[in-house]
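Student: Just so it is clear, I am handing over upload_0.cif, which has mmCIF, C-alpha atoms.
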```
data_entry
loop_
_atom_site.label_atom_id
_atom_site.label_comp_id
_atom_site.auth_asym_id
_atom_site.auth_seq_id
_atom_site.Cartn_x
_atom_site.Cartn_y
_atom_site.Cartn_z
CA ALA A 142 133.62 -33.03 103.45
CA GLN A 143 132.04 -36.46 103.72
CA SER A 144 133.72 -39.78 103.05
CA VAL A 145 132.89 -43.47 102.96
CA ALA A 146 135.20 -46.40 103.59
CA GLN A 147 134.51 -49.97 102.54
CA PRO A 148 137.54 -51.70 104.05
CA GLU A 149 137.19 -54.99 102.19
CA ASP A 150 137.70 -55.14 98.43
CA GLN A 151 136.18 -58.63 98.39
CA VAL A 152 134.11 -60.76 100.74
CA ASN A 153 133.86 -64.51 100.24
CA VAL A 154 131.06 -66.51 101.82
CA ALA A 155 129.53 -69.93 101.33
CA GLU A 156 125.94 -70.22 100.20
CA GLY A 157 123.58 -70.44 103.15
CA ASN A 158 125.97 -68.69 105.53
CA PRO A 159 125.36 -65.19 106.88
CA LEU A 160 127.12 -62.34 105.13
CA THR A 161 128.33 -58.91 106.23
CA VAL A 162 129.67 -56.13 104.02
CA LYS A 163 131.24 -53.35 106.04
CA CYS A 164 130.85 -49.59 105.66
CA THR A 165 132.04 -46.70 107.79
CA TYR A 166 131.41 -43.06 107.07
CA SER A 167 132.36 -39.54 108.00
CA VAL A 168 129.90 -36.66 107.61
CA SER A 169 128.98 -33.39 109.27
CA GLY A 170 125.75 -33.70 111.18
CA ASN A 171 123.29 -36.52 110.79
CA PRO A 172 123.74 -38.84 107.80
CA TYR A 173 121.54 -40.27 105.11
CA LEU A 174 123.03 -43.68 104.28
CA PHE A 175 122.42 -45.91 101.28
CA TRP A 176 123.38 -49.32 99.94
CA TYR A 177 123.35 -50.12 96.24
CA VAL A 178 124.18 -53.30 94.32
CA GLN A 179 125.70 -53.54 90.86
CA TYR A 180 125.70 -56.59 88.60
CA PRO A 181 128.24 -56.80 85.75
CA ASN A 182 127.82 -54.11 83.11
CA ARG A 183 124.64 -52.82 84.75
CA GLY A 184 123.61 -49.71 86.61
CA LEU A 185 123.31 -49.52 90.38
CA GLN A 186 120.18 -50.92 92.02
CA PHE A 187 118.93 -49.37 95.24
CA LEU A 188 118.83 -51.82 98.17
CA LEU A 189 117.99 -49.78 101.26
CA LYS A 190 118.51 -46.50 103.07
CA TYR A 191 118.70 -45.07 106.56
CA ILE A 192 117.32 -41.60 107.21
CA THR A 193 116.12 -41.65 110.79
CA GLY A 194 114.34 -43.91 113.26
CA ASP A 195 115.01 -47.60 113.81
CA ASN A 196 118.70 -48.43 113.54
CA LEU A 197 117.95 -51.70 111.72
CA VAL A 198 116.81 -51.06 108.19
CA LYS A 199 115.30 -53.78 106.01
CA GLY A 200 115.60 -53.64 102.24
CA SER A 201 115.23 -55.59 99.04
CA TYR A 202 116.14 -59.27 98.49
CA GLY A 203 116.35 -60.03 102.22
CA PHE A 204 119.15 -57.56 102.93
CA GLU A 205 119.28 -55.40 106.02
CA ALA A 206 121.70 -52.87 107.45
CA GLU A 207 122.42 -51.66 110.94
CA PHE A 208 123.15 -48.01 111.64
CA ASN A 209 125.58 -47.50 114.52
CA LYS A 210 126.09 -43.82 115.29
CA SER A 211 128.85 -44.26 117.85
CA GLN A 212 130.91 -46.38 115.48
CA THR A 213 129.84 -44.36 112.39
CA SER A 214 129.07 -47.61 110.63
CA PHE A 215 126.32 -48.93 108.37
CA HIS A 216 127.12 -52.59 107.69
CA LEU A 217 125.05 -54.56 105.19
CA LYS A 218 123.89 -58.00 106.30
CA LYS A 219 121.92 -60.99 105.12
CA PRO A 220 121.15 -64.06 107.25
CA SER A 221 121.60 -66.60 104.45
CA ALA A 222 123.62 -65.82 101.31
CA LEU A 223 122.61 -66.95 97.82
CA VAL A 224 124.91 -67.51 94.86
CA SER A 225 122.82 -64.90 93.04
CA ASP A 226 123.88 -62.30 95.64
CA SER A 227 127.34 -62.28 94.07
CA ALA A 228 127.82 -58.71 92.86
CA LEU A 229 129.51 -55.38 93.64
CA TYR A 230 128.07 -53.49 96.61
CA PHE A 231 128.38 -49.77 97.23
CA CYS A 232 127.74 -47.78 100.37
CA ALA A 233 126.95 -44.06 100.01
CA VAL A 234 126.39 -41.13 102.36
CA ARG A 235 125.13 -37.58 102.28
CA PRO A 236 124.58 -35.10 105.08
CA TRP A 237 121.02 -34.66 106.29
CA ILE A 238 121.25 -31.04 105.29
CA ASN A 239 122.50 -31.05 101.69
CA ALA A 240 121.04 -28.71 99.15
CA GLY A 241 122.35 -30.65 96.19
CA ASN A 242 121.54 -34.22 97.30
CA MET A 243 125.10 -35.15 96.41
CA LEU A 244 126.13 -38.63 97.43
CA THR A 245 129.63 -39.75 98.28
CA PHE A 246 130.28 -43.39 97.42
CA GLY A 247 132.67 -45.90 98.87
CA GLY A 248 135.02 -47.81 96.60
CA GLY A 249 132.80 -50.87 96.50
CA THR A 250 133.05 -54.41 97.87
CA ARG A 251 132.81 -57.44 95.65
CA LEU A 252 130.75 -60.19 97.24
CA MET A 253 131.46 -63.74 96.07
CA VAL A 254 129.03 -66.42 97.24
CA LYS A 255 130.22 -69.94 96.52
CA PRO A 256 127.93 -72.96 96.26
CA ASP B 103 116.99 -49.58 86.11
CA GLY B 104 113.32 -48.56 86.06
CA GLY B 105 112.32 -45.52 84.02
CA ILE B 106 115.82 -44.27 83.26
CA THR B 107 117.31 -45.06 79.88
CA GLN B 108 120.83 -44.44 78.65
CA SER B 109 122.07 -44.74 75.11
CA PRO B 110 124.09 -46.06 73.54
CA LYS B 111 125.11 -49.02 75.70
CA TYR B 112 128.58 -49.04 74.13
CA LEU B 113 130.34 -46.09 72.51
CA PHE B 114 133.68 -45.84 70.81
CA ARG B 115 135.47 -42.55 70.35
CA LYS B 116 138.48 -41.58 68.36
CA GLU B 117 141.08 -39.26 69.78
CA GLY B 118 140.01 -35.62 69.46
CA GLN B 119 136.31 -36.36 69.01
CA ASN B 120 133.46 -35.05 71.08
CA VAL B 121 130.74 -37.58 71.90
CA THR B 122 127.35 -37.18 73.57
CA LEU B 123 125.78 -39.69 75.94
CA SER B 124 122.02 -39.68 76.26
CA CYS B 125 120.04 -39.96 79.51
CA GLU B 126 116.23 -39.87 79.62
CA GLN B 127 113.87 -40.45 82.54
CA ASN B 128 110.09 -40.79 82.71
CA LEU B 129 109.86 -40.74 86.50
CA ASN B 130 109.02 -37.03 86.70
CA HIS B 131 112.14 -36.54 88.82
CA ASP B 132 113.41 -33.02 89.36
CA ALA B 133 117.09 -33.82 89.78
CA MET B 134 119.47 -35.66 87.48
CA TYR B 135 123.12 -36.66 87.86
CA TRP B 136 126.08 -37.97 85.87
CA TYR B 137 128.70 -40.23 87.43
CA ARG B 138 131.87 -41.80 86.14
CA GLN B 139 132.94 -45.28 87.27
CA ASP B 140 136.47 -46.59 86.76
CA PRO B 141 137.55 -50.19 87.51
CA GLY B 142 138.14 -50.77 91.19
CA GLN B 143 136.83 -47.34 92.12
CA GLY B 144 133.59 -45.95 93.38
CA LEU B 145 131.42 -43.49 91.53
CA ARG B 146 132.55 -39.92 91.05
CA LEU B 147 130.11 -37.09 90.34
CA ILE B 148 130.61 -35.21 87.08
CA TYR B 149 127.60 -32.86 86.93
CA TYR B 150 124.20 -32.58 88.50
CA SER B 151 121.03 -30.64 87.82
CA GLN B 152 118.30 -29.91 90.33
CA ILE B 153 115.99 -28.10 87.93
CA VAL B 154 115.52 -27.42 84.24
CA ASN B 155 117.99 -24.92 82.76
CA ASP B 156 120.29 -25.16 85.76
CA PHE B 157 123.22 -27.46 86.51
CA GLN B 158 126.25 -27.58 88.77
CA LYS B 159 129.75 -29.03 88.49
CA GLY B 160 130.60 -32.08 90.50
CA ASP B 161 133.98 -33.34 91.58
CA ILE B 162 135.38 -34.11 88.12
CA ALA B 163 133.66 -31.75 85.64
CA GLU B 164 136.75 -30.85 83.60
CA GLY B 165 136.45 -32.05 80.01
CA TYR B 166 132.70 -32.60 80.23
CA SER B 167 129.63 -30.49 79.48
CA VAL B 168 125.90 -30.93 80.04
CA SER B 169 122.57 -29.30 79.26
CA ARG B 170 119.14 -29.52 80.88
CA GLU B 171 116.64 -28.10 78.44
CA LYS B 172 113.89 -30.55 79.37
CA LYS B 173 113.00 -32.15 82.67
CA GLU B 174 113.24 -35.63 81.17
CA SER B 175 116.65 -35.28 79.52
CA PHE B 176 120.20 -34.63 80.74
CA PRO B 177 122.76 -35.35 77.98
CA LEU B 178 126.47 -35.48 78.75
CA THR B 179 129.11 -34.45 76.20
CA VAL B 180 132.59 -35.82 76.62
CA THR B 181 134.87 -33.33 74.92
CA SER B 182 138.33 -33.75 73.47
CA ALA B 183 139.63 -31.90 76.53
CA GLN B 184 138.91 -34.98 78.65
CA LYS B 185 142.25 -36.76 78.50
CA ASN B 186 141.21 -40.13 79.85
CA PRO B 187 137.56 -40.65 78.97
CA THR B 188 137.48 -44.45 78.86
CA ALA B 189 135.08 -45.40 81.66
CA PHE B 190 131.57 -46.55 82.52
CA TYR B 191 129.16 -43.60 82.70
CA LEU B 192 126.07 -43.74 84.88
CA CYS B 193 123.11 -41.38 84.92
CA ALA B 194 120.79 -41.10 87.91
CA SER B 195 117.69 -39.17 88.87
CA SER B 196 115.80 -38.36 92.05
CA MET B 197 112.98 -36.34 93.49
CA SER B 198 114.91 -33.38 94.92
CA THR B 199 116.59 -34.79 98.05
CA ASP B 200 115.30 -38.36 97.86
CA THR B 201 116.86 -41.64 96.75
CA GLN B 202 118.82 -41.62 93.50
CA TYR B 203 117.87 -44.23 90.91
CA PHE B 204 120.31 -45.24 88.21
CA GLY B 205 120.18 -46.00 84.52
CA PRO B 206 121.89 -49.03 82.93
CA GLY B 207 125.05 -47.13 81.96
CA THR B 208 127.13 -46.39 78.87
CA ARG B 209 130.57 -47.85 78.40
CA LEU B 210 132.82 -45.42 76.54
CA THR B 211 136.07 -46.59 74.98
CA VAL B 212 138.65 -44.40 73.31
CA LEU B 213 140.27 -46.04 70.30
#
```
For this file, write the structure as structure tokens.

Tutor:
Amino acid sequence: AQSVAQPEDQVNVAEGNPLTVKCTYSVSGNPYLFWYVQYPNRGLQFLLKYITGDNLVKGSYGFEAEFNKSQTSFHLKKPSALVSDSALYFCAVRPWINAGNMLTFGGGTRLMVKP
Amino acid sequence: DGGITQSPKYLFRKEGQNVTLSCEQNLNHDAMYWYRQDPGQGLRLIYYSQIVNDFQKGDIAEGYSVSREKKESFPLTVTSAQKNPTAFYLCASSMSTDTQYFGPGTRLTVL
């Protein structure tokens, strides 16, 4: 069975500083990895995904994530945080071979960007 | 949120009532999903459907039922057998094994 860990319930960062939201995973075989963002009382918005290829994936709103197979990690990063980035971020994983396309989500990390 | 709509946005249920949450998509996606989100927790899969007239239980299907009579629609019924239904419910859809896209959600409260 697959699992996702987001070890930080909350990350605080000052506007303009770089941000990192951590994610580690456990899955059989190669993973598909995803990051989503959720604003209050809204659905999840897709940010980026890793399937194969370059370990550095670029996504929406200036976010990127680095896939590290040896550390089974997929940390979300942004070089310069904005106050508007404050939201709840979810990491998700599924095995490469998965007939049902079922995702397993982490518990979420709340990002607070202060002016 | 794109081409996935959920209604209503807020729903209140009395004890012992069944309620149905609507999910419609115009993305021509084959697969649709229902998730439950509780405060401080990630999303948990209730049911999913990969094709019309077929659906599978997820991790927490007890007390819920679904149907998939049309490709565009995947309604979720929360039955009286669900003992703690107060939560935020999210519907998603995807092209078979591709990225899942989510609707805006329905917040269900039991009075």

Student: Which of these residues is nearest to Ala142 (chain A), using only C-alpha atoms: A:Pro236, A:Gly203, A:Pro159, A:Pro220?

Tutor: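 Comparing A:Pro236, A:Gly203, A:Pro159, A:Pro220 against Ala142 (chain A), the winner is A:Pro236.
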
Student: Can you build me a table of chain B residues sitting at most 9 Å from chain A, with the closest atom pair per residue and its distance in Å to one decimal, using all atoms listed in the file, sorted by chain and residue number, as a tab-separated table?

Tutor:
```
residue	atom	partner	partner_atom	distance
B:Asp103	CA	A:Gly184	CA	6.6
B:Ala133	CA	A:Asn242	CA	8.7
B:Tyr135	CA	A:Met243	CA	8.9
B:Gly142	CA	A:Gly248	CA	6.9
B:Gln143	CA	A:Gly248	CA	4.9
B:Gly144	CA	A:Gly248	CA	4.0
B:Leu145	CA	A:Phe246	CA	6.0
B:Arg146	CA	A:Phe246	CA	7.6
B:Leu147	CA	A:Met243	CA	8.1
B:Tyr150	CA	A:Gly241	CA	8.1
B:Ser151	CA	A:Gly241	CA	8.5
B:Gln152	CA	A:Gly241	CA	7.2
B:Gln158	CA	A:Gly241	CA	8.9
B:Gly160	CA	A:Met243	CA	8.6
B:Phe190	CA	A:Asn182	CA	8.5
B:Leu192	CA	A:Gly184	CA	6.7
B:Cys193	CA	A:Gly184	CA	8.5
B:Ser196	CA	A:Asn242	CA	8.8
B:Ser198	CA	A:Asn242	CA	7.1
B:Thr199	CA	A:Asn242	CA	5.0
B:Asp200	CA	A:Asn242	CA	7.5
B:Thr201	CA	A:Lys190	CA	8.1
B:Gln202	CA	A:Phe187	CA	7.9
B:Tyr203	CA	A:Phe187	CA	6.8
B:Phe204	CA	A:Leu185	CA	5.7
B:Gly205	CA	A:Gly184	CA	5.5
B:Pro206	CA	A:Gly184	CA	4.1
B:Gly207	CA	A:Gly184	CA	5.5
B:Thr208	CA	A:Asn182	CA	8.8
B:Arg209	CA	A:Asn182	CA	8.3
```

Student: In Å, how far is it from CA of Ala163 (chain B) to CA of Ile148 (chain B)?

Tutor: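 So the answer is 4.8 Å.
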
Student: Quote the spacing between CA of Val234 (chain A) and CA of Gln143 (chain A) in Å to one decimal place.

Tutor: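 Going from CA of Val234 (chain A) over to CA of Gln143 (chain A), I get 7.5 Å.
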
Student: The PyMOL selection byres ((chain A and resi 210) around 12) - which residues does that actually catch in the file I just gave you? List them as a ChimeraX atom specification.

Tutor: /A:165-168,170-174,191,193-197,207-209,211-216

Student: Extract, using all atoms listed in the file, all DNA, RNA and protein residues at most 10 Å from Thr161 (chain A), discarding same-chain residues fewer than 2 positions from it, and format them as a ChimeraX atom specification.

Tutor: /A:152-154,159,163-164,204-206,216-220,222,252

Student: Take the residues from that selection and put them in a file with C-alpha atoms, as an mmCIF file, keeping the file's coordinate frame.

Tutor:
```
data_model
loop_
_atom_site.group_PDB
_atom_site.id
_atom_site.type_symbol
_atom_site.label_atom_id
_atom_site.label_comp_id
_atom_site.auth_asym_id
_atom_site.auth_seq_id
_atom_site.Cartn_x
_atom_site.Cartn_y
_atom_site.Cartn_z
ATOM 1 C CA VAL A 152 134.110 -60.760 100.740
ATOM 2 C CA ASN A 153 133.860 -64.510 100.240
ATOM 3 C CA VAL A 154 131.060 -66.510 101.820
ATOM 4 C CA PRO A 159 125.360 -65.190 106.880
ATOM 5 C CA LYS A 163 131.240 -53.350 106.040
ATOM 6 C CA CYS A 164 130.850 -49.590 105.660
ATOM 7 C CA PHE A 204 119.150 -57.560 102.930
ATOM 8 C CA GLU A 205 119.280 -55.400 106.020
ATOM 9 C CA ALA A 206 121.700 -52.870 107.450
ATOM 10 C CA HIS A 216 127.120 -52.590 107.690
ATOM 11 C CA LEU A 217 125.050 -54.560 105.190
ATOM 12 C CA LYS A 218 123.890 -58.000 106.300
ATOM 13 C CA LYS A 219 121.920 -60.990 105.120
ATOM 14 C CA PRO A 220 121.150 -64.060 107.250
ATOM 15 C CA ALA A 222 123.620 -65.820 101.310
ATOM 16 C CA LEU A 252 130.750 -60.190 97.240
#
```

Student: Which residue is closest to Ala194 (chain B)? Choose from B:Trp136, B:Tyr166, B:Tyr149, B:Phe176 and count only C-alpha atoms.

Tutor: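 The closest residue to Ala194 (chain B) is B:Trp136.
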
Student: Have a look at CA of Ala183 (chain B) and CA of Ile162 (chain B) and let me know their distance in Å, one decimal.

Tutor: 12.5 Å

Student: Show me, as an NGL selection string, the residues that have an atom within 8 Å of Thr179 (chain B) when counting all atoms listed in the file, minus same-chain residues fewer than 2 positions from it.

Tutor: :B and (120-123 or 166-168 or 177 or 181)

Student: Taking into account only C-alpha atoms, which residue in the set B:Thr211, B:Ser175, B:Ser195, B:Asn186 is nearest to Val154 (chain B)?

Tutor: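 Using only C-alpha atoms, Val154 (chain B) sits closest to B:Ser175.
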
Student: Please list as a list of chain:residue names every residue within 12 Å of Val224 (chain A), counting only C-alpha atoms and excluding residues in the same chain fewer than 6 positions away.

Tutor: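 The contact residues come out as A:Asn153, A:Val154, A:Ala155, A:Glu156, A:Gly157, A:Asn158, A:Leu160, A:Leu252, A:Met253, A:Val254, A:Lys255, A:Pro256.
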
Student: Keeping only C-alpha atoms, take the residues you just selected and write them out as an mmCIF file, keeping the file's coordinate frame.

Tutor:
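For reference, part24.cif as written:
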```cif
data_model
loop_
_atom_site.group_PDB
_atom_site.id
_atom_site.type_symbol
_atom_site.label_atom_id
_atom_site.label_comp_id
_atom_site.auth_asym_id
_atom_site.auth_seq_id
_atom_site.Cartn_x
_atom_site.Cartn_y
_atom_site.Cartn_z
ATOM 1 C CA ASN A 153 133.860 -64.510 100.240
ATOM 2 C CA VAL A 154 131.060 -66.510 101.820
ATOM 3 C CA ALA A 155 129.530 -69.930 101.330
ATOM 4 C CA GLU A 156 125.940 -70.220 100.200
ATOM 5 C CA GLY A 157 123.580 -70.440 103.150
ATOM 6 C CA ASN A 158 125.970 -68.690 105.530
ATOM 7 C CA LEU A 160 127.120 -62.340 105.130
ATOM 8 C CA LEU A 252 130.750 -60.190 97.240
ATOM 9 C CA MET A 253 131.460 -63.740 96.070
ATOM 10 C CA VAL A 254 129.030 -66.420 97.240
ATOM 11 C CA LYS A 255 130.220 -69.940 96.520
ATOM 12 C CA PRO A 256 127.930 -72.960 96.260
#
```

Student: Counting all atoms listed in the file, which residue out of A:Gln151, A:Tyr202, A:Ser169, A:Tyr180 sits closest to Ser221 (chain A)?

Tutor: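 Of A:Gln151, A:Tyr202, A:Ser169, A:Tyr180, the one nearest Ser221 (chain A) is A:Tyr202, counting all atoms listed in the file.
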
Student: Can you work out which one of B:Ile153, B:Met197, B:Val180, B:Ile106 has the shortest atom-to-atom distance to Gly118 (chain B), counting only C-alpha atoms?

Tutor: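 For Gly118 (chain B), the nearest of the candidates is B:Val180.
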
Student: Please enumerate the residues selected by the PyMOL selection byres ((chain B and resi 210) around 9) when evaluated against the supplied file, formatted as a ChimeraX atom specification.

Tutor: /B:111-115,187-191,208-209,211-212

Student: Which residues would end up in the selection if the PyMOL selection byres ((chain B and resi 130) around 9) were applied here, given that I need the answer as a ChimeraX atom specification?

Tutor: /B:127-129,131-132,173-174,196-197

Student: Please determine, counting all atoms listed in the file, which residue among B:Ser124, B:Asp161, B:Ser169, B:Pro141 has the shortest atom-to-atom distance to Pro181 (chain A).

Tutor: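 Of B:Ser124, B:Asp161, B:Ser169, B:Pro141, the one nearest Pro181 (chain A) is B:Pro141, counting all atoms listed in the file.
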